[in-house]
file upload32.txt (compact mmCIF, C-alpha atoms)
# COMPACT_ATOMS: atom_id res chain seq x y z
CA MET A 1 80.91 73.75 95.16
CA LEU A 2 79.10 72.89 98.40
CA ARG A 3 78.55 69.36 97.13
CA TRP A 4 82.26 69.10 96.45
CA LEU A 5 83.11 70.16 100.01
CA ASP A 6 81.17 67.12 101.22
CA GLU A 7 83.48 64.94 99.10
CA MET A 8 86.46 66.57 100.83
CA SER A 9 85.18 65.42 104.23
CA LEU A 10 84.24 62.18 105.96
CA PHE A 11 82.26 61.74 109.16
CA GLU A 12 83.28 58.74 111.26
CA PRO A 13 80.57 58.09 113.89
CA GLY A 14 81.11 56.53 117.29
CA MET A 15 83.13 57.27 120.40
CA GLU A 16 86.44 56.47 118.74
CA GLY A 17 85.87 59.15 116.11
CA LEU A 18 84.80 61.64 118.79
CA ARG A 19 87.88 60.88 120.90
CA GLN A 20 90.15 61.68 117.96
CA TYR A 21 88.56 65.12 117.62
CA LEU A 22 88.61 65.80 121.36
CA LEU A 23 92.39 65.42 121.41
CA TYR A 24 92.54 69.02 120.18
CA PRO A 25 90.89 72.20 121.53
CA GLY A 26 87.72 73.04 119.62
CA GLY A 27 87.44 69.44 118.46
CA ILE A 28 83.83 69.19 119.62
CA PHE A 29 82.82 71.81 117.02
CA ARG A 30 84.86 70.09 114.33
CA PHE A 31 83.18 66.77 115.12
CA ALA A 32 79.72 68.38 114.95
CA GLY A 33 80.71 70.34 111.84
CA THR A 34 81.90 67.19 110.07
CA PHE A 35 78.61 65.51 110.92
CA LEU A 36 76.62 68.43 109.46
CA THR A 37 78.85 68.58 106.37
CA GLN A 38 77.21 65.34 105.27
CA LEU A 39 74.06 67.39 104.59
CA LEU A 40 75.92 69.15 101.76
CA TYR A 41 75.43 65.94 99.77
CA TYR A 42 72.13 67.72 99.07
CA PRO A 43 73.42 71.32 98.83
CA ALA A 44 70.01 72.97 99.40
CA LEU A 45 69.56 70.98 102.62
CA GLY A 46 73.05 71.77 103.91
CA ALA A 47 72.80 75.45 102.99
CA GLY A 48 69.36 75.65 104.63
CA VAL A 49 70.70 74.29 107.93
CA LEU A 50 73.64 76.69 107.72
CA VAL A 51 71.33 79.68 107.22
CA LEU A 52 69.22 78.59 110.21
CA ILE A 53 72.34 78.57 112.40
CA TRP A 54 73.25 82.05 111.12
CA LEU A 55 69.75 83.27 111.99
CA LEU A 56 70.28 81.84 115.49
CA CYS A 57 73.61 83.67 115.58
CA GLY A 58 71.84 86.92 114.68
CA TRP A 59 69.16 86.37 117.31
CA LEU A 60 71.79 85.71 120.01
CA THR A 61 73.57 88.93 119.01
CA LYS A 62 70.27 90.80 119.39
CA ILE A 63 69.72 89.35 122.89
CA ALA A 64 73.33 89.74 124.06
CA PHE A 65 73.74 93.38 123.00
CA ARG A 66 70.06 94.42 123.30
CA PHE A 67 69.77 95.56 119.68
CA THR A 68 66.37 96.56 118.34
CA GLY A 69 65.04 98.81 115.59
CA CYS A 70 67.76 100.64 113.67
CA THR A 71 70.61 98.56 115.14
CA MET A 72 69.18 95.23 113.95
CA PRO A 73 71.45 95.07 110.84
CA LEU A 74 74.43 94.87 113.24
CA CYS A 75 73.15 91.44 114.32
CA TYR A 76 74.09 89.95 110.95
CA LEU A 77 77.66 91.21 110.57
CA ILE A 78 79.06 87.99 112.08
CA PRO A 79 77.00 85.72 109.73
CA PHE A 80 78.31 87.78 106.79
CA CYS A 81 81.90 87.09 107.90
CA LEU A 82 81.12 83.37 108.17
CA LEU A 83 79.52 83.43 104.71
CA VAL A 84 82.65 85.04 103.27
CA SER A 85 84.85 82.36 104.90
CA ILE A 86 82.97 79.75 102.84
CA LEU A 87 82.60 81.65 99.58
CA GLN A 88 86.30 82.42 99.34
CA LEU A 89 87.41 78.80 99.86
CA ASP A 90 89.11 77.42 96.75
CA GLU A 91 92.13 75.15 96.21
CA ALA A 92 92.93 75.73 99.89
CA ALA A 93 90.32 73.07 100.70
CA LEU A 94 92.80 70.52 99.31
CA SER A 95 95.83 71.59 101.30
CA PHE A 96 94.74 71.66 104.94
CA GLU A 97 92.50 69.48 107.07
CA SER A 98 89.24 71.12 106.08
CA GLN A 99 86.74 68.45 107.19
CA GLY A 100 83.71 70.22 108.61
CA TYR A 101 85.10 73.67 107.66
CA VAL A 102 81.74 74.93 106.36
CA PHE A 103 80.00 74.34 109.68
CA TYR A 104 82.46 74.19 112.55
CA ASN A 105 83.47 77.86 112.42
CA THR A 106 79.80 78.85 112.49
CA LEU A 107 79.16 76.51 115.43
CA GLY A 108 82.17 77.91 117.28
CA PHE A 109 81.22 81.58 116.91
CA THR A 110 77.60 80.75 117.78
CA PHE A 111 78.87 79.10 120.99
CA SER A 112 80.88 82.26 121.79
CA LEU A 113 77.76 84.35 121.31
CA ALA A 114 75.66 82.01 123.46
CA ALA A 115 78.26 82.19 126.24
CA TYR A 116 78.24 85.99 126.17
CA CYS A 117 74.44 85.97 125.96
CA LEU A 118 74.37 83.98 129.22
CA PHE A 119 76.74 86.50 130.78
CA SER A 120 74.50 89.41 129.69
CA ALA A 121 71.37 87.69 131.03
CA LEU A 122 72.97 87.70 134.52
CA HIS A 123 73.50 91.49 134.52
CA CYS A 124 71.70 91.83 137.89
CA ASN A 125 74.23 89.57 139.64
CA VAL A 126 77.89 90.56 139.40
CA TYR A 127 79.06 87.39 141.17
CA ALA A 128 77.17 85.14 138.73
CA GLN A 129 78.70 87.07 135.83
CA GLY A 130 82.12 86.65 137.44
CA ALA A 131 81.58 82.91 137.77
CA VAL A 132 80.78 82.65 134.04
CA THR A 133 83.84 84.78 133.22
CA ILE A 134 86.12 82.48 135.25
CA LEU A 135 84.55 79.27 133.92
CA LEU A 136 84.93 80.10 130.21
CA PRO A 137 88.78 79.86 129.97
CA LEU A 138 88.57 76.44 131.67
CA LEU A 139 86.55 75.22 128.68
CA TYR A 140 89.58 75.75 126.42
CA PRO A 141 90.34 71.98 126.07
CA PHE A 142 86.86 71.52 124.54
CA ALA A 143 86.18 74.83 122.78
CA GLY A 144 89.65 76.31 122.17
CA PHE A 145 89.59 79.86 120.76
CA PHE A 146 85.80 79.92 120.97
CA ALA A 147 86.04 79.76 124.78
CA LEU A 148 88.81 82.35 125.07
CA LEU A 149 87.02 84.93 122.88
CA PRO A 150 83.84 85.21 125.02
CA ALA A 151 86.02 85.13 128.17
CA ILE A 152 87.82 88.28 126.97
CA MET A 153 84.46 89.85 126.04
CA CYS A 154 83.14 89.12 129.53
CA ILE A 155 86.27 90.56 131.17
CA ILE A 156 85.91 93.81 129.22
CA SER A 157 82.21 94.08 129.93
CA LEU A 158 82.60 93.28 133.64
CA CYS A 159 85.27 95.94 134.09
CA MET A 160 83.29 98.59 132.17
CA LYS A 161 79.84 98.17 133.68
CA THR A 162 80.41 97.41 137.36
CA LYS A 163 80.18 100.38 139.71
CA GLY A 164 80.06 100.97 143.44
CA ASN A 165 81.11 98.53 146.20
CA LYS A 166 81.09 95.52 143.81
CA GLN A 167 83.74 97.08 141.59
CA ILE A 168 86.65 95.52 143.52
CA ALA A 169 85.05 92.06 143.32
CA SER A 170 84.49 92.44 139.58
CA PHE A 171 88.13 93.48 138.99
CA VAL A 172 89.39 90.53 141.06
CA MET A 173 87.22 88.05 139.13
CA SER A 174 88.25 89.65 135.83
CA GLY A 175 91.92 89.34 136.83
CA ILE A 176 91.49 85.65 137.69
CA SER A 177 89.77 85.04 134.36
CA LEU A 178 92.49 86.90 132.41
CA LEU A 179 95.16 84.83 134.16
CA LEU A 180 93.27 81.66 133.19
CA VAL A 181 93.00 82.86 129.57
CA VAL A 182 96.78 83.05 129.43
CA VAL A 183 97.68 80.03 131.56
CA THR A 184 95.07 77.37 130.62
CA PRO A 185 96.32 76.83 127.03
CA LEU A 186 99.94 76.71 128.27
CA LEU A 187 99.13 74.13 130.94
CA TYR A 188 97.04 72.08 128.54
CA TYR A 189 99.88 71.78 126.04
CA ARG A 190 102.43 71.28 128.80
CA TYR A 191 100.74 67.99 129.68
CA PHE A 192 99.33 67.20 126.24
CA THR A 193 100.78 64.00 124.74
CA GLY A 194 101.27 65.46 121.29
CA THR A 195 104.16 66.86 119.25
CA THR A 196 105.83 70.26 119.63
CA ILE A 197 104.21 71.45 116.40
CA ASP A 198 100.81 71.22 118.14
CA ASN A 199 101.87 74.31 120.13
CA ASP A 200 101.74 76.48 117.00
CA TYR A 201 99.10 79.22 117.29
CA LEU A 202 98.26 78.04 120.80
CA TYR A 203 95.50 80.58 121.40
CA LEU A 204 93.87 80.08 117.99
CA LYS A 205 93.22 76.35 118.33
CA GLY A 206 89.72 75.54 117.15
CA LEU A 207 90.00 77.82 114.13
CA PRO A 208 91.10 76.25 110.80
CA GLU A 209 94.57 74.71 110.75
CA LEU A 210 96.14 77.48 108.66
CA THR A 211 99.54 79.16 108.77
CA MET A 212 100.39 82.83 109.26
CA ASN A 213 102.11 83.09 105.88
CA ASP A 214 100.98 85.69 103.35
CA TYR A 215 99.22 83.14 101.17
CA ASP A 216 96.91 82.17 104.06
CA TRP A 217 95.99 85.69 105.15
CA TYR A 218 92.91 85.89 102.91
CA LEU A 219 91.59 82.76 104.68
CA TRP A 220 92.22 84.27 108.12
CA ARG A 221 90.61 87.63 107.29
CA PRO A 222 86.89 86.75 107.90
CA PHE A 223 87.68 85.24 111.31
CA ALA A 224 89.83 88.22 112.30
CA VAL A 225 87.06 90.63 111.24
CA ALA A 226 84.44 88.60 113.16
CA ALA A 227 86.56 88.66 116.35
CA VAL A 228 87.11 92.44 116.03
CA ILE A 229 83.36 93.00 115.53
CA PHE A 230 82.68 91.03 118.73
CA LEU A 231 85.07 93.23 120.72
CA LEU A 232 83.73 96.47 119.18
CA LEU A 233 80.18 95.49 120.10
CA VAL A 234 81.31 94.92 123.70
CA PHE A 235 82.95 98.36 123.81
CA LEU A 236 79.95 100.06 122.14
CA PRO A 237 77.97 100.82 125.38
CA ALA A 238 80.98 102.67 126.78
CA PHE A 239 80.76 105.31 124.03
CA VAL A 240 77.07 105.51 123.08
CA ASP A 241 73.65 104.94 124.61
CA VAL A 242 72.40 101.77 122.88
CA LYS A 243 68.75 102.67 123.64
CA LYS A 244 69.10 106.00 121.82
CA LEU A 245 71.05 104.29 119.05
CA ASN A 246 68.16 101.89 118.46
CA SER A 247 65.97 104.82 117.36
CA SER A 248 68.63 106.97 115.71
CA LYS A 249 68.05 108.02 112.08
CA VAL A 250 71.80 108.09 111.50
CA MET A 251 72.05 104.50 112.74
CA LYS A 252 69.12 103.52 110.52
CA TRP A 253 71.00 104.44 107.35
CA GLY A 254 74.32 103.35 108.82
CA GLY A 255 72.91 99.89 109.60
CA ILE A 256 71.49 99.57 106.09
CA GLY A 257 74.86 100.65 104.71
CA LEU A 258 76.72 98.04 106.78
CA PHE A 259 74.26 95.36 105.64
CA CYS A 260 74.84 96.30 101.98
CA LEU A 261 78.60 96.36 102.61
CA GLY A 262 78.33 92.81 103.97
CA ILE A 263 76.60 91.72 100.75
CA LEU A 264 79.31 93.36 98.60
CA PHE A 265 82.01 91.76 100.78
CA SER A 266 80.40 88.34 100.17
CA VAL A 267 80.02 88.85 96.41
CA SER A 268 83.63 90.03 96.19
CA ALA A 269 84.86 86.94 98.07
CA ASP A 270 83.03 84.63 95.69
CA GLY A 271 84.19 86.55 92.63
CA LYS A 272 87.86 86.04 93.53
CA LYS A 273 87.53 82.27 93.29
CA SER A 274 89.34 80.95 90.23
CA GLU A 275 86.96 80.01 87.43
CA GLN A 276 89.45 77.31 86.50
CA TYR A 277 88.94 75.67 89.89
CA ARG A 278 85.15 75.85 89.53
CA ALA A 279 85.40 74.27 86.08
CA THR A 280 87.76 71.55 87.35
CA VAL A 281 85.27 70.56 90.06
CA LEU A 282 82.39 70.45 87.55
CA MET A 283 84.47 68.41 85.10
CA LEU A 284 85.35 65.92 87.82
CA ASN A 285 81.68 65.59 88.75
CA ALA A 286 80.91 64.83 85.09
CA ILE A 287 83.68 62.19 85.04
CA GLU A 288 82.14 60.58 88.14
CA ASP A 289 78.84 60.36 86.26
CA ARG A 290 80.63 59.03 83.10
CA GLU A 291 79.27 61.98 81.10
CA TRP A 292 82.32 62.38 78.88
CA ASN A 293 80.82 64.85 76.38
CA LYS A 294 79.81 67.11 79.26
CA VAL A 295 83.44 67.29 80.43
CA SER A 296 84.56 68.99 77.21
CA HIS A 297 81.42 71.14 77.12
CA ILE A 298 82.17 72.56 80.60
CA MET A 299 85.70 73.52 79.56
CA SER A 300 84.40 75.26 76.43
CA LEU A 301 82.19 77.52 78.60
CA THR A 302 84.98 78.96 80.78
CA LYS A 303 86.03 82.54 80.13
CA GLU A 304 89.51 82.09 81.60
CA SER A 305 92.11 80.21 79.60
CA PRO A 306 92.02 76.51 80.55
CA ASN A 307 94.86 75.39 82.79
CA TYR A 308 96.90 72.20 82.64
CA THR A 309 94.54 70.25 84.93
CA MET A 310 91.49 71.12 82.84
CA CYS A 311 93.26 70.14 79.61
CA VAL A 312 94.27 66.75 81.02
CA LEU A 313 90.66 66.07 82.10
CA ASP A 314 89.45 67.20 78.67
CA ASN A 315 91.91 64.86 76.92
CA LEU A 316 90.69 61.98 79.10
CA ALA A 317 87.12 62.70 77.98
CA ARG A 318 88.24 62.98 74.35
CA ALA A 319 89.92 59.57 74.59
CA TYR A 320 86.70 57.99 75.86
CA CYS A 321 84.68 59.70 73.13
CA GLY A 322 87.11 58.65 70.40
CA ARG A 323 88.10 62.24 69.56
CA GLU A 324 91.56 63.61 68.85
CA ARG A 325 93.41 64.80 71.92
CA LYS A 326 95.00 68.24 72.20
CA SER A 327 98.70 68.83 72.85
CA ILE A 328 99.55 70.11 76.35
CA GLY A 329 103.32 69.77 76.08
CA ASN A 330 103.98 73.51 76.31
CA MET A 331 101.71 74.18 79.30
CA THR A 332 103.20 74.99 82.68
CA THR A 333 101.84 74.52 86.21
CA VAL A 334 104.18 77.03 87.88
CA SER A 335 102.41 79.79 89.81
CA SER A 336 103.60 82.56 92.13
CA ASP A 337 100.40 82.15 94.17
CA PHE A 338 100.96 79.24 96.54
CA ARG A 339 97.27 78.53 97.12
CA HIS A 340 96.46 78.54 93.40
CA ASN A 341 99.46 76.43 92.43
CA GLU A 342 98.29 73.53 90.28
CA ASP A 343 100.44 71.06 92.18
CA PHE A 344 97.49 70.67 94.56
CA THR A 345 94.91 69.95 91.87
CA ILE A 346 97.27 67.69 89.92
CA THR A 347 98.11 65.42 92.86
CA ALA A 348 94.55 65.44 94.23
CA PHE A 349 92.59 65.18 91.00
CA VAL A 350 94.66 64.29 87.94
CA ASN A 351 96.85 61.67 89.59
CA VAL A 352 93.86 60.02 91.27
CA SER A 353 90.95 60.29 88.86
CA VAL A 354 92.79 60.30 85.52
CA ASN A 355 95.14 57.46 86.39
CA HIS A 356 92.20 55.31 87.47
CA ASN A 357 90.30 56.00 84.26
CA MET A 358 93.43 55.20 82.26
CA GLY A 359 93.67 51.78 83.89
CA ARG A 360 96.66 52.79 86.02
CA PHE A 361 95.13 51.55 89.23
CA ASN A 362 98.39 51.29 91.17
CA GLN A 363 99.30 54.90 90.41
CA SER A 364 95.81 56.09 91.30
CA HIS A 365 95.90 54.06 94.53
CA ARG A 366 99.24 55.56 95.52
CA TRP A 367 98.06 59.15 95.18
CA ALA A 368 94.62 58.55 96.72
CA THR A 369 96.24 56.91 99.76
CA GLU A 370 98.85 59.64 100.09
CA GLN A 371 96.23 62.41 100.00
CA ASN A 372 94.03 60.52 102.46
CA VAL A 373 96.88 60.13 104.94
CA GLN A 374 98.20 63.68 104.63
CA TYR A 375 94.91 65.56 104.89
CA GLY A 376 92.64 63.15 106.76
CA ASN A 377 90.01 60.69 105.53
CA ARG A 378 87.97 62.11 102.65
CA ALA A 379 85.08 60.44 100.85
CA TYR A 380 86.47 61.29 97.40
CA PHE A 381 89.82 59.55 97.91
CA ILE A 382 88.34 56.59 99.79
CA LYS A 383 86.03 55.91 96.84
CA TYR A 384 89.04 55.65 94.54
CA ILE A 385 90.92 53.46 97.03
CA VAL A 386 87.93 51.09 96.97
CA ARG A 387 87.63 51.20 93.17
CA ASN A 388 91.33 50.54 92.60
CA ALA A 389 91.35 47.66 95.09
CA ILE A 390 88.33 46.06 93.36
CA MET A 391 89.94 46.40 89.92
CA ASN A 392 93.14 44.88 91.35
CA GLY A 393 91.13 42.00 92.84
CA ASP A 394 92.09 42.88 96.43
CA MET A 395 88.61 42.50 97.92
CA GLU A 396 89.70 42.41 101.56
CA PHE A 397 91.43 45.76 101.21
CA ALA A 398 88.43 47.20 99.38
CA LYS A 399 86.09 45.96 102.13
CA LYS A 400 88.19 47.66 104.82
CA PHE A 401 87.78 51.11 103.27
CA ASN A 402 84.28 50.55 101.94
CA ARG A 403 83.24 49.93 105.53
CA LEU A 404 84.05 53.60 106.29
CA LEU A 405 81.59 54.75 103.63
CA MET A 406 78.97 52.26 104.80
CA ARG A 407 78.83 54.19 108.10
CA THR A 408 78.08 57.55 106.45
CA MET A 409 74.67 59.11 105.98
CA PHE A 410 74.52 59.51 102.19
CA HIS A 411 77.62 57.81 100.72
CA ARG A 412 76.26 54.56 102.09
CA GLN A 413 74.28 53.94 98.89
CA TRP A 414 77.47 54.11 96.80
CA ALA A 415 79.23 51.80 99.28
CA GLU A 416 76.37 49.28 99.13
CA THR A 417 76.70 49.18 95.34
CA MET A 418 80.44 48.54 95.60
CA ASN A 419 79.82 45.90 98.25
CA LYS A 420 77.99 43.78 95.67
CA TYR A 421 81.21 43.55 93.67
CA ILE A 422 83.30 42.92 96.78
CA GLU A 423 81.05 40.06 97.92
CA ASN A 424 80.75 38.62 94.40
CA PRO A 425 83.98 39.25 92.39
CA ALA A 426 82.48 37.60 89.31
CA LEU A 427 80.33 40.74 88.85
CA VAL A 428 83.37 43.02 88.49
CA SER A 429 83.49 42.33 84.75
CA THR A 430 80.08 44.06 84.43
CA LEU A 431 81.45 47.41 85.65
CA PRO A 432 81.27 50.28 83.11
CA ASP A 433 84.28 50.37 80.74
CA TYR A 434 85.71 47.25 82.42
CA ASP A 435 87.19 45.73 79.23
CA PHE A 436 88.67 49.06 78.14
CA LEU A 437 90.27 49.69 81.54
CA MET A 438 91.65 46.18 81.86
CA SER A 439 93.28 46.44 78.44
CA LEU A 440 95.10 49.54 79.68
CA ARG A 441 95.82 47.76 82.97
CA THR A 442 97.89 45.24 81.05
CA GLU A 443 100.06 48.08 79.81
CA GLU A 444 100.59 49.35 83.35
CA ILE A 445 101.77 45.89 84.49
CA MET A 446 104.09 45.54 81.51
CA ARG A 447 105.71 48.90 82.33
CA GLY A 448 106.13 47.88 85.97
CA GLU A 449 104.10 50.79 87.37

call {"tool": "encode", "arguments": {"input": "upload32.txt", "output": "structure tokens"}}
result
Amino acid sequence: MLRWLDEMSLFEPGMEGLRQYLLYPGGIFRFAGTFLTQLLYYPALGAGVLVLIWLLCGWLTKIAFRFTGCTMPLCYLIPFCLLVSILQLDEAALSFESQGYVFYNTLGFTFSLAAYCLFSALHCNVYAQGAVTILLPLLYPFAGFFALLPAIMCIISLCMKTKGNKQIASFVMSGISLLLVVVTPLLYYRYFTGTTIDNDYLYLKGLPELTMNDYDWYLWRPFAVAAVIFLLLVFLPAFVDVKKLNSSKVMKWGGIGLFCLGILFSVSADGKKSEQYRATVLMLNAIEDREWNKVSHIMSLTKESPNYTMCVLDNLARAYCGRERKSIGNMTTVSSDFRHNEDFTITAFVNVSVNHNMGRFNQSHRWATEQNVQYGNRAYFIKYIVRNAIMNGDMEFAKKFNRLLMRTMFHRQWAETMNKYIENPALVSTLPDYDFLMSLRTEEIMRGE
């Protein structure tokens, strides 16, 4: 599944790519997250880097809130939330701009922790803490929500901890910062040269581009829990002595309990993912590798009843293997669950992959282009745009999109292979299943599709 998330993303290096991301608050994390998503091409490598960032996140929590001993399990509550946000991702990855999703949320929350860690390190100087508190909201154009969150944490902490003659100064600086938290996003979008829809969820910019509808709530939940945990940890010193808590036997078992609860939360999030979606991704990977027998074998292993998408992919494999196809005339794709509605998988997978492998290159090109425009450049769809253009003999068009893959870290090898056919069209006839596909291509032309 991690490998598949790399296919649903595309990193475009250079200043032009960076400028596109910086048009929106939090774009710097999305740019960095999209870069790191390339590492998921080798899932163990990508997951390893992700775990290292989570360990950094835990260490920053330890430093910021001075946790030791029995309170150490509290340091990993935020990483658990971020793990859940990835494990629960399913068909939703197809229906919003999810490039860099696996990494950019982690980078954003780690930045928030680092900012608060800096604030805590200046505990001997109220004015330095106030300066940090005022500066953070001004970083909204670059960090979005991940600048506002630590600003609020700093405001709370500054108001709670300051005593004596410096109390008035701390309240004044906190008030200025709170005003900036409210006003900075409004001013930014007042002079932002975008559309009115960009104002939606003004104070949440930087988080995934989701909606507040019921079918998106499960995707919001981990981020909401993480933000609440941050605020609770800030309030904690007001109610308990953290030094005593670090050696408390009650906290020892409570911390272990919270850690185990985090594990159960993560397992539960992964278990809710549709097995049909998992199987669809595996079947598509097998199609990419031209392992047609494996496609049917994967479907036979699923415990859930196969859905329409899976049956279409299975019939495609059966056609290539010379086996009888199964009837799917009575199957329906209607679902009451918006996020699990098969319309997403049909337009993204069936209409792109199946049409190409049936020789319907124009149909495949149409859907690949439409998906690529609607949800942002993605390696998976660009590959099919290149393939369809090559099969249609439009080498200039193929070169234009293949150039995007040539600039990536790991898809470059695939692009270099395709470039051989683009530079020497006579080699196209040596492509796998070329004769079979071209015979079907004739049918597509005759039907005017």

call {"tool": "axis_aligned_box", "arguments": {"input": "upload32.txt", "around": "stretch 91-101 of chain A", "padding_each_side": "3 Å", "output": "lines of an AutoDock Vina configuration file"}}
result
center_x = 89.8
center_y = 72.1
center_z = 102.4
size_x = 18.1
size_y = 13.3
size_z = 18.4

call {"tool": "closest_residue", "arguments": {"input": "upload32.txt", "among": "A:Ile287, A:Val102, A:Ala151, A:Leu77", "to": "A:Ala114", "atoms": "only C-alpha atoms"}}
result
A:Ala151

call {"tool": "atom_distance", "arguments": {"input": "upload32.txt", "atom1": "atom CA of A:Tyr76", "atom2": "atom CA of A:Val132"}}
result
25.1 Å

call {"tool": "closest_residue", "arguments": {"input": "upload32.txt", "among": "A:Phe259, A:Tyr189, A:Trp220, A:Phe265", "to": "A:Tyr140", "atoms": "only C-alpha atoms"}}
result
A:Tyr189

call {"tool": "atom_distance", "arguments": {"input": "upload32.txt", "atom1": "atom CA of A:Leu5", "atom2": "atom CA of A:Gln38"}}
result
9.3 Å

call {"tool": "decode", "arguments": {"input": "upload32.txt", "residues": "stretch 421-434 of chain A", "atoms": "N, CA and C atoms", "output": "PDB file, in the first residue's frame"}}
result
ATOM      1  N   TYR A 421      11.696   4.169 -27.010  1.00  0.00           N
ATOM      2  CA  TYR A 421      10.637   4.026 -28.023  1.00  0.00           C
ATOM      3  C   TYR A 421      10.261   5.390 -28.607  1.00  0.00           C
ATOM      4  N   ILE A 422      10.329   6.421 -27.776  1.00  0.00           N
ATOM      5  CA  ILE A 422       9.992   7.767 -28.258  1.00  0.00           C
ATOM      6  C   ILE A 422      11.026   8.242 -29.276  1.00  0.00           C
ATOM      7  N   GLU A 423      12.314   7.990 -28.988  1.00  0.00           N
ATOM      8  CA  GLU A 423      13.388   8.410 -29.879  1.00  0.00           C
ATOM      9  C   GLU A 423      13.492   7.538 -31.118  1.00  0.00           C
ATOM     10  N   ASN A 424      13.030   6.295 -31.019  1.00  0.00           N
ATOM     11  CA  ASN A 424      13.115   5.366 -32.151  1.00  0.00           C
ATOM     12  C   ASN A 424      11.778   4.641 -32.309  1.00  0.00           C
ATOM     13  N   PRO A 425      10.789   5.269 -32.977  1.00  0.00           N
ATOM     14  CA  PRO A 425       9.441   4.701 -33.104  1.00  0.00           C
ATOM     15  C   PRO A 425       9.403   3.302 -33.727  1.00  0.00           C
ATOM     16  N   ALA A 426      10.423   2.948 -34.470  1.00  0.00           N
ATOM     17  CA  ALA A 426      10.436   1.611 -35.096  1.00  0.00           C
ATOM     18  C   ALA A 426      10.455   0.504 -34.049  1.00  0.00           C
ATOM     19  N   LEU A 427      10.912   0.823 -32.831  1.00  0.00           N
ATOM     20  CA  LEU A 427      10.995  -0.185 -31.759  1.00  0.00           C
ATOM     21  C   LEU A 427       9.651  -0.439 -31.079  1.00  0.00           C
ATOM     22  N   VAL A 428       8.654   0.407 -31.342  1.00  0.00           N
ATOM     23  CA  VAL A 428       7.367   0.280 -30.668  1.00  0.00           C
ATOM     24  C   VAL A 428       6.748  -1.092 -30.918  1.00  0.00           C
ATOM     25  N   SER A 429       6.955  -1.625 -32.098  1.00  0.00           N
ATOM     26  CA  SER A 429       6.379  -2.934 -32.447  1.00  0.00           C
ATOM     27  C   SER A 429       6.951  -4.065 -31.603  1.00  0.00           C
ATOM     28  N   THR A 430       8.024  -3.823 -30.844  1.00  0.00           N
ATOM     29  CA  THR A 430       8.617  -4.861 -29.993  1.00  0.00           C
ATOM     30  C   THR A 430       8.049  -4.832 -28.574  1.00  0.00           C
ATOM     31  N   LEU A 431       7.138  -3.879 -28.294  1.00  0.00           N
ATOM     32  CA  LEU A 431       6.529  -3.806 -26.974  1.00  0.00           C
ATOM     33  C   LEU A 431       5.709  -5.062 -26.684  1.00  0.00           C
ATOM     34  N   PRO A 432       5.619  -5.483 -25.418  1.00  0.00           N
ATOM     35  CA  PRO A 432       4.833  -6.669 -25.065  1.00  0.00           C
ATOM     36  C   PRO A 432       3.381  -6.534 -25.533  1.00  0.00           C
ATOM     37  N   ASP A 433       2.846  -7.591 -26.110  1.00  0.00           N
ATOM     38  CA  ASP A 433       1.449  -7.651 -26.557  1.00  0.00           C
ATOM     39  C   ASP A 433       1.112  -6.590 -27.602  1.00  0.00           C
ATOM     40  N   TYR A 434       2.121  -6.109 -28.331  1.00  0.00           N
ATOM     41  CA  TYR A 434       1.877  -5.039 -29.303  1.00  0.00           C
ATOM     42  C   TYR A 434       0.869  -5.465 -30.373  1.00  0.00           C
TER      43      TYR A 434
END
